[in-house]
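See below for data-v1.cif, which holds mmCIF, C-alpha atoms.
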data_model
#
loop_
_atom_site.label_atom_id
_atom_site.label_comp_id
_atom_site.auth_asym_id
_atom_site.auth_seq_id
_atom_site.Cartn_x
_atom_site.Cartn_y
_atom_site.Cartn_z
CA MET A 1171 75.45 82.19 126.66
CA PRO A 1172 79.08 83.36 126.28
CA THR A 1173 79.62 86.87 127.63
CA ASN A 1174 81.87 89.81 126.72
CA PRO A 1175 85.38 89.82 128.22
CA PHE A 1176 85.17 93.58 128.83
CA PRO A 1177 82.86 95.16 131.43
CA GLU A 1178 79.48 96.48 130.34
CA SER A 1179 78.27 99.89 131.58
CA LEU A 1180 75.35 102.28 131.38
CA GLU A 1181 77.60 104.65 129.44
CA LYS A 1182 78.34 102.10 126.71
CA ASP A 1183 74.67 101.25 126.37
CA ALA A 1184 73.71 104.94 126.18
CA LEU A 1185 76.30 105.57 123.46
CA ARG A 1186 75.05 102.64 121.39
CA ARG A 1187 71.58 104.15 121.56
CA ARG A 1188 72.87 107.61 120.66
CA ASP A 1189 74.66 106.07 117.69
CA ALA A 1190 71.45 104.29 116.72
CA ALA A 1191 69.68 107.65 116.43
CA ASN A 1192 72.42 108.95 114.13
CA LEU A 1193 72.46 105.74 112.11
CA ARG A 1194 68.70 105.92 111.64
CA VAL A 1195 69.10 109.24 109.82
CA PHE A 1196 72.09 107.91 107.88
CA ARG A 1197 70.14 104.82 106.80
CA ALA A 1198 67.29 107.01 105.56
CA GLN A 1199 69.77 108.99 103.48
CA ARG A 1200 71.26 105.80 102.06
CA GLY A 1201 67.81 104.40 101.30
CA LYS A 1202 68.71 100.85 102.31
CA GLY A 1203 69.76 98.69 105.23
CA LEU A 1204 73.35 99.17 106.34
CA THR A 1205 76.05 96.57 105.82
CA TYR A 1206 78.06 96.32 109.06
CA CYS A 1207 81.74 95.46 109.46
CA GLY A 1208 83.89 95.55 112.56
CA LEU A 1209 84.54 94.48 116.11
CA THR A 1210 81.17 93.56 117.55
CA SER A 1211 80.92 92.26 121.10
CA ALA A 1212 80.61 88.54 121.83
CA GLU A 1213 77.02 89.24 122.93
CA PHE A 1214 76.27 91.42 119.87
CA LEU A 1215 75.01 94.23 122.10
CA ASP A 1216 75.54 96.80 119.35
CA VAL A 1217 73.90 94.66 116.66
CA GLN A 1218 70.89 93.98 118.88
CA ILE A 1219 70.27 97.72 119.31
CA TRP A 1220 70.94 98.54 115.64
CA ARG A 1221 69.17 95.41 114.28
CA SER A 1222 66.37 97.25 112.43
CA LEU A 1223 68.92 99.43 110.60
CA LEU A 1224 71.21 96.65 109.35
CA ALA A 1225 71.23 94.52 106.21
CA SER A 1226 74.12 92.21 107.16
CA VAL A 1227 76.88 91.73 109.74
CA CYS A 1228 80.55 90.89 109.16
CA ALA A 1229 82.59 90.42 112.35
CA ILE A 1230 86.40 90.54 112.31
CA GLU A 1231 88.03 88.65 115.15
CA ASN A 1232 91.59 87.48 115.83
CA ASP A 1233 90.86 85.30 118.85
CA GLU A 1234 89.61 81.78 118.11
CA SER A 1235 87.65 81.36 121.35
CA THR A 1236 85.86 84.67 120.73
CA ARG A 1237 85.00 83.56 117.20
CA ASN A 1238 83.43 80.44 118.68
CA ASP A 1239 81.44 82.61 121.11
CA LEU A 1240 80.23 84.75 118.23
CA HIS A 1241 78.89 81.72 116.36
CA ILE A 1242 77.20 80.34 119.50
CA ASN A 1243 75.53 83.61 120.42
CA TRP A 1244 74.44 84.35 116.85
CA ARG A 1245 72.57 81.04 116.69
CA ARG A 1246 70.95 81.70 120.06
CA LEU A 1247 69.92 85.30 119.36
CA LYS A 1248 68.33 84.49 115.98
CA LEU A 1249 68.78 88.04 114.69
CA GLY A 1250 67.77 87.06 111.18
CA LEU A 1251 70.58 88.81 109.28
CA PRO A 1252 73.22 87.46 106.90
CA PHE A 1253 76.26 86.87 109.11
CA ASN A 1254 79.94 86.20 108.53
CA VAL A 1255 82.96 85.93 110.84
CA ILE A 1256 86.41 86.57 109.40
CA ALA A 1257 89.51 85.44 111.29
CA GLY A 1258 92.16 88.10 111.36
CA ASN A 1259 93.33 91.53 112.45
CA ILE A 1260 90.84 94.33 111.80
CA PHE A 1261 93.51 96.73 110.52
CA GLU A 1262 94.96 94.16 108.12
CA TYR A 1263 91.49 93.22 106.89
CA LEU A 1264 90.48 96.80 106.12
CA GLN A 1265 93.66 97.26 104.12
CA SER A 1266 93.36 93.99 102.19
CA SER A 1267 92.38 94.03 98.53
CA ASP A 1268 89.76 91.33 99.19
CA ALA A 1269 87.72 93.38 101.66
CA PRO A 1270 84.51 94.77 100.10
CA CYS A 1271 82.96 98.14 100.95
CA TYR A 1272 80.52 98.45 103.84
CA ASP A 1273 78.14 101.16 105.01
CA LEU A 1274 79.06 101.01 108.70
CA TYR A 1275 82.41 100.30 110.35
CA ASN A 1276 82.67 99.75 114.11
CA LEU A 1277 86.20 99.94 115.55
CA ASP A 1278 85.49 99.28 119.22
CA LEU A 1279 89.18 98.69 119.82
CA TYR A 1280 89.52 99.11 123.57
CA ARG A 1281 93.04 100.32 122.77
CA GLY A 1282 94.66 103.62 121.83
CA PHE A 1283 94.94 105.73 118.72
CA ALA A 1284 98.73 105.58 118.91
CA TYR A 1285 101.48 105.48 116.38
CA SER A 1286 103.78 102.50 116.21
CA ALA A 1287 107.17 103.58 117.56
CA LYS A 1288 108.95 101.18 115.22
CA ALA A 1289 107.16 102.09 112.00
CA ASN A 1290 106.29 105.70 112.88
CA SER A 1291 102.78 105.09 111.55
CA SER A 1292 99.33 104.56 113.00
CA PRO A 1293 97.71 101.21 112.10
CA CYS A 1294 94.32 102.79 112.70
CA ARG A 1295 95.01 105.82 110.52
CA ASP A 1296 96.42 103.59 107.76
CA ALA A 1297 93.31 101.40 107.89
CA ILE A 1298 90.94 104.38 107.69
CA ARG A 1299 92.91 105.71 104.73
CA ALA A 1300 92.66 102.32 102.99
CA LEU A 1301 88.93 101.97 103.45
CA ALA A 1302 88.39 105.58 102.28
CA GLU A 1303 90.29 104.75 99.08
CA LYS A 1304 87.97 101.81 98.45
CA GLN A 1305 84.85 103.80 99.31
CA ARG A 1306 85.90 106.58 96.93
CA GLN A 1307 86.17 104.09 94.09
CA ASP A 1308 82.73 102.79 95.04
CA LYS A 1309 81.41 106.37 95.47
CA GLY A 1310 79.85 105.23 98.72
CA SER A 1311 79.29 107.21 101.91
CA PHE A 1312 79.93 105.39 105.18
CA ALA A 1313 79.62 105.77 108.94
CA LEU A 1314 82.60 105.11 111.22
CA ILE A 1315 82.29 104.43 114.94
CA SER A 1316 85.50 104.26 117.00
CA THR A 1317 86.40 103.90 120.67
CA PHE A 1318 89.91 104.47 122.04
CA ASN A 1319 91.61 103.82 125.36
CA VAL A 1320 92.91 107.03 126.95
CA ARG A 1321 95.73 105.18 128.72
CA ASP A 1322 97.87 105.10 125.66
CA SER A 1323 101.44 105.65 124.54
CA GLY A 1324 102.39 107.87 121.65
CA VAL A 1325 102.22 111.29 123.31
CA GLU A 1326 105.04 112.59 121.09
CA GLN A 1327 103.12 111.56 117.97
CA TYR A 1328 100.01 113.36 119.22
CA ASP A 1329 102.09 116.50 119.73
CA SER A 1330 103.39 116.15 116.18
CA LEU A 1331 99.81 116.00 114.88
CA LEU A 1332 98.94 119.12 116.87
CA ASP A 1333 101.79 120.91 115.08
CA GLU A 1334 100.41 119.65 111.76
CA ILE A 1335 96.99 121.07 112.64
CA ARG A 1336 98.61 124.41 113.49
CA GLY A 1337 100.08 124.54 110.00
CA CYS A 1338 96.71 123.77 108.36
CA LEU A 1339 95.04 126.62 110.28
CA LYS A 1340 97.87 129.14 109.97
CA GLY A 1341 96.67 132.75 109.74
CA LEU A 1342 93.41 132.21 111.62
CA VAL A 1343 92.60 133.68 115.04
CA GLY A 1344 92.41 131.46 118.13
CA VAL A 1345 94.56 128.61 116.80
CA ASP A 1346 97.23 128.69 119.54
CA THR A 1347 94.64 128.95 122.32
CA ASN A 1348 92.58 126.11 120.88
CA LEU A 1349 95.59 123.82 120.53
CA LYS A 1350 96.80 124.66 124.03
CA GLU A 1351 93.39 123.67 125.40
CA HIS A 1352 93.51 120.39 123.50
CA GLY A 1353 97.02 119.71 124.77
CA ARG A 1354 96.03 119.68 128.44
CA SER A 1355 95.13 115.99 128.73
CA HIS A 1356 95.52 112.73 126.88
CA ALA A 1357 91.77 112.57 126.24
CA THR A 1358 91.66 116.01 124.62
CA LYS A 1359 94.70 115.20 122.50
CA ILE A 1360 93.05 112.01 121.23
CA LYS A 1361 89.84 113.95 120.58
CA LEU A 1362 91.49 116.49 118.30
CA CYS A 1363 94.13 114.25 116.71
CA TYR A 1364 91.67 111.52 115.75
CA THR A 1365 89.12 113.95 114.31
CA PHE A 1366 91.92 115.71 112.41
CA ALA A 1367 93.22 112.39 111.04
CA CYS A 1368 89.73 111.51 109.78
CA TRP A 1369 89.31 115.01 108.30
CA HIS A 1370 92.62 114.69 106.46
CA VAL A 1371 91.68 111.28 105.04
CA ALA A 1372 88.25 112.59 104.02
CA ARG A 1373 89.48 115.69 102.19
CA THR A 1374 92.07 113.74 100.19
CA HIS A 1375 89.50 111.11 99.12
CA ASP A 1376 86.53 113.27 98.08
CA PHE A 1377 84.49 113.04 101.28
CA GLN A 1378 82.83 115.61 103.49
CA ILE A 1379 83.08 114.53 107.13
CA GLU A 1380 80.58 115.15 109.93
CA PHE A 1381 81.13 114.32 113.62
CA ALA A 1382 78.82 113.91 116.56
CA ASP A 1383 80.30 115.32 119.79
CA PRO A 1384 83.08 112.99 121.02
CA VAL A 1385 82.37 111.48 124.45
CA LEU A 1386 84.74 110.61 127.29
CA TYR A 1387 83.52 107.90 129.67
CA ASN A 1388 84.73 105.28 132.14
CA SER A 1389 84.19 101.54 131.76
CA GLY A 1390 85.52 99.49 134.64
CA LYS A 1391 88.93 100.97 135.40
CA THR A 1392 89.46 102.31 131.89
CA ASN A 1393 88.83 105.77 130.44
CA LEU A 1394 87.72 105.78 126.82
CA VAL A 1395 86.86 108.32 124.13
CA HIS A 1396 84.02 107.44 121.76
CA PHE A 1397 83.55 108.87 118.25
CA TYR A 1398 80.75 108.77 115.68
CA CYS A 1399 81.34 110.27 112.25
CA GLU A 1400 80.02 110.04 108.71
CA PHE A 1401 82.05 110.27 105.52
CA LYS A 1402 79.74 111.75 102.86
CA HIS A 1403 80.92 111.16 99.30
CA ARG A 1404 81.28 114.40 97.31
CA SER A 1405 80.13 114.22 93.71
CA GLN A 1406 81.09 117.81 92.90
CA ALA A 1407 83.71 120.43 93.75
CA LEU A 1408 83.58 122.33 97.02
CA PRO A 1409 81.86 125.74 96.90
CA THR A 1410 84.96 127.68 98.00
CA PRO A 1411 88.73 126.99 98.09
CA TYR A 1412 88.65 127.22 101.91
CA ALA A 1413 85.65 124.92 102.50
CA ASP A 1414 87.85 122.08 103.79
CA ARG A 1415 89.69 124.41 106.16
CA ASP A 1416 86.34 125.76 107.40
CA ASN A 1417 85.31 122.20 108.15
CA LEU A 1418 88.53 121.68 110.12
CA ARG A 1419 87.83 124.87 112.10
CA ASN A 1420 84.42 123.46 113.03
CA ILE A 1421 85.90 120.09 113.99
CA SER A 1422 88.52 121.81 116.16
CA ALA A 1423 85.72 123.59 118.03
CA LEU A 1424 83.76 120.42 118.81
CA PRO A 1425 83.22 120.03 122.56
CA LEU A 1426 84.41 116.95 124.41
CA ARG A 1427 81.52 115.60 126.44
CA LYS A 1428 81.83 113.40 129.52
CA MET A 1429 79.21 110.77 130.21
CA THR A 1430 78.32 109.53 133.69
CA GLY A 1431 75.57 106.96 133.64
CA ARG A 1432 73.24 108.02 130.84
CA ILE A 1433 73.84 111.73 131.32
CA SER A 1434 76.51 113.65 129.41
CA ARG A 1435 77.84 117.13 130.09
CA VAL A 1436 80.45 119.29 128.41
CA GLU A 1437 83.89 118.46 129.80
CA MET A 1438 85.79 120.86 127.53
CA ARG A 1439 84.54 123.48 125.07
CA PRO A 1440 87.53 124.72 123.07
CA THR A 1441 88.01 128.22 121.78
CA GLN A 1442 86.47 128.94 118.38
CA ILE A 1443 88.92 129.48 115.54
CA VAL A 1444 87.83 132.36 113.30
CA GLU A 1445 88.92 134.38 110.30
CA PRO A 1446 91.03 137.48 111.14
CA GLY A 1447 89.24 140.84 111.28
#
Render the structure in this file as structure tokens.
Amino acid sequence: MPTNPFPESLEKDALRRRDAANLRVFRAQRGKGLTYCGLTSAEFLDVQIWRSLLASVCAIENDESTRNDLHINWRRLKLGLPFNVIAGNIFEYLQSSDAPCYDLYNLDLYRGFAYSAKANSSPCRDAIRALAEKQRQDKGSFALISTFNVRDSGVEQYDSLLDEIRGCLKGLVGVDTNLKEHGRSHATKIKLCYTFACWHVARTHDFQIEFADPVLYNSGKTNLVHFYCEFKHRSQALPTPYADRDNLRNISALPLRKMTGRISRVEMRPTQIVEPG
């Protein structure tokens, strides 16, 4: 049986099972099995754990040998779900007009959430924006699971996003302290900048966004940050003009957890951002 090119770990398995618990609740809210799209492993370790929650699987894969492995393993595992493999780049696929809407997207990239120095844009952020546009037209909520490599370029772009966050939270108490805490390491910068990018996409496309605690872990020689979030489609106006900003305050206060084995602990708990007075 073909195996994954990247090392497996207790941490990755524990996170898949944590995500399964969240997806179980999300599936109940949706009232149907979840259509899956993304970067599954060659051994379908995520799909095997989430099998009872899924209605179909669409794998996006650039590498021809990996696509062959996917077909071989799918036949051997006999998971009993509709299955499709699409050759191509995940970012390009999500932005294509031909891509349908799904309930669950898995971007297990094993790379960074960095901006392209040449284009001054983030392929990941552009892809999330594109799929949110499609989901808004479909009025469909969706879950998004992402994993990023901490050893990443693009520090200047992260700092620019931190300045953008400061502007969104201007006038509140604790903003400078919170952003200083997030600026101390690459992992904490990714944690806040990615959650902010998702929040920004959500608010401009009629979604309420909810995050589980982001998790920092080590796999082989690589440090990674793992995210689970849900974009909930909003069918009516927000209760107050500041509801989106309140959501950003809550996201900015999310702890970053660190997982060792199957046990996670709080690595960083940022300062709460509050209204003045």
Practice problem: Translate the PyMOL selection byres ((chain A and resi 1249-1260) around 10), as applied to the file shown, into an explicit residue set as a ChimeraX atom specification. | Solution: /A:1205-1209,1214,1217-1218,1221-1222,1224-1234,1237-1238,1240-1241,1243-1248,1261-1266,1277,1279,1293-1294,1297
For the PyMOL selection byres ((chain A and resi 1426) around 7), applied here, can you spell out every residue it catches as a compact mmCIF listing (two decimals) with C-alpha atoms, in the coordinates of the input?
# COMPACT_ATOMS: atom_id res chain seq x y z
CA ASP A 1383 80.30 115.32 119.79
CA PRO A 1384 83.08 112.99 121.02
CA VAL A 1385 82.37 111.48 124.45
CA LEU A 1386 84.74 110.61 127.29
CA LEU A 1424 83.76 120.42 118.81
CA PRO A 1425 83.22 120.03 122.56
CA ARG A 1427 81.52 115.60 126.44
CA LYS A 1428 81.83 113.40 129.52
CA VAL A 1436 80.45 119.29 128.41
CA GLU A 1437 83.89 118.46 129.80
CA MET A 1438 85.79 120.86 127.53
CA ARG A 1439 84.54 123.48 125.07
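Taking CA of Asn1420 in chain A as the reference point, CA of Val1371 in chain A is found at 16.3 Å.
Distances to Leu1185 in chain A were evaluated for A:Tyr1387, A:Tyr1328, A:Phe1401, A:Tyr1412 using only C-alpha atoms, and the minimum falls at A:Tyr1387.
Every protein, DNA or RNA residue with an atom at most 9 Å from Leu1349 in chain A, where all atoms listed in the file count and chain neighbours fewer than 4 positions away do not, is listed here: Leu1332, Asp1333, Ile1335, Arg1336, Gly1344, Val1345, Gly1353, Arg1354, Lys1359, Leu1362, Ser1422, Pro1440 and Thr1441 of chain A.
When the PyMOL selection byres ((chain A and resi 1181) around 8) is run on the displayed coordinates, the residues it returns are Ser1179, Leu1180, Lys1182, Asp1183, Ala1184, Leu1185, Tyr1387, Asn1388, Ser1389, Met1429, Thr1430, Gly1431 and Arg1432 of chain A.
Ranking A:Arg1435, A:His1370, A:Arg1295, A:Arg1404 by their shortest atom-to-atom distance to Asp1308 in chain A, with all atoms listed in the file included, puts A:Arg1404 first.
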Quiz item: CA of Cys1363 in chain A to CA of Phe1318 in chain A: how many Å, to one decimal?
Solution: 11.9 Å
Practice problem: May I have the residues within 10 Å of Asp1189 in chain A as a list in words, using all atoms listed in the file and disregarding those fewer than 2 positions away in the same chain? | Solution: Asp1183, Ala1184, Leu1185, Arg1186, Arg1187, Ala1191, Asn1192, Leu1193, Arg1194, Asp1216, Ile1219, Trp1220, Ile1315, Ala1382, Phe1397, Tyr1398 and Cys1399 of chain A
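The gap separating CA of Gln1327 in chain A from CA of Thr1347 in chain A is 19.8 Å, in Å to one decimal.
Among A:Ala1300, A:Val1195, A:Asn1393, A:Glu1213, the residue with the shortest atom-to-atom distance to Thr1236 in chain A, counting only C-alpha atoms, is A:Glu1213.
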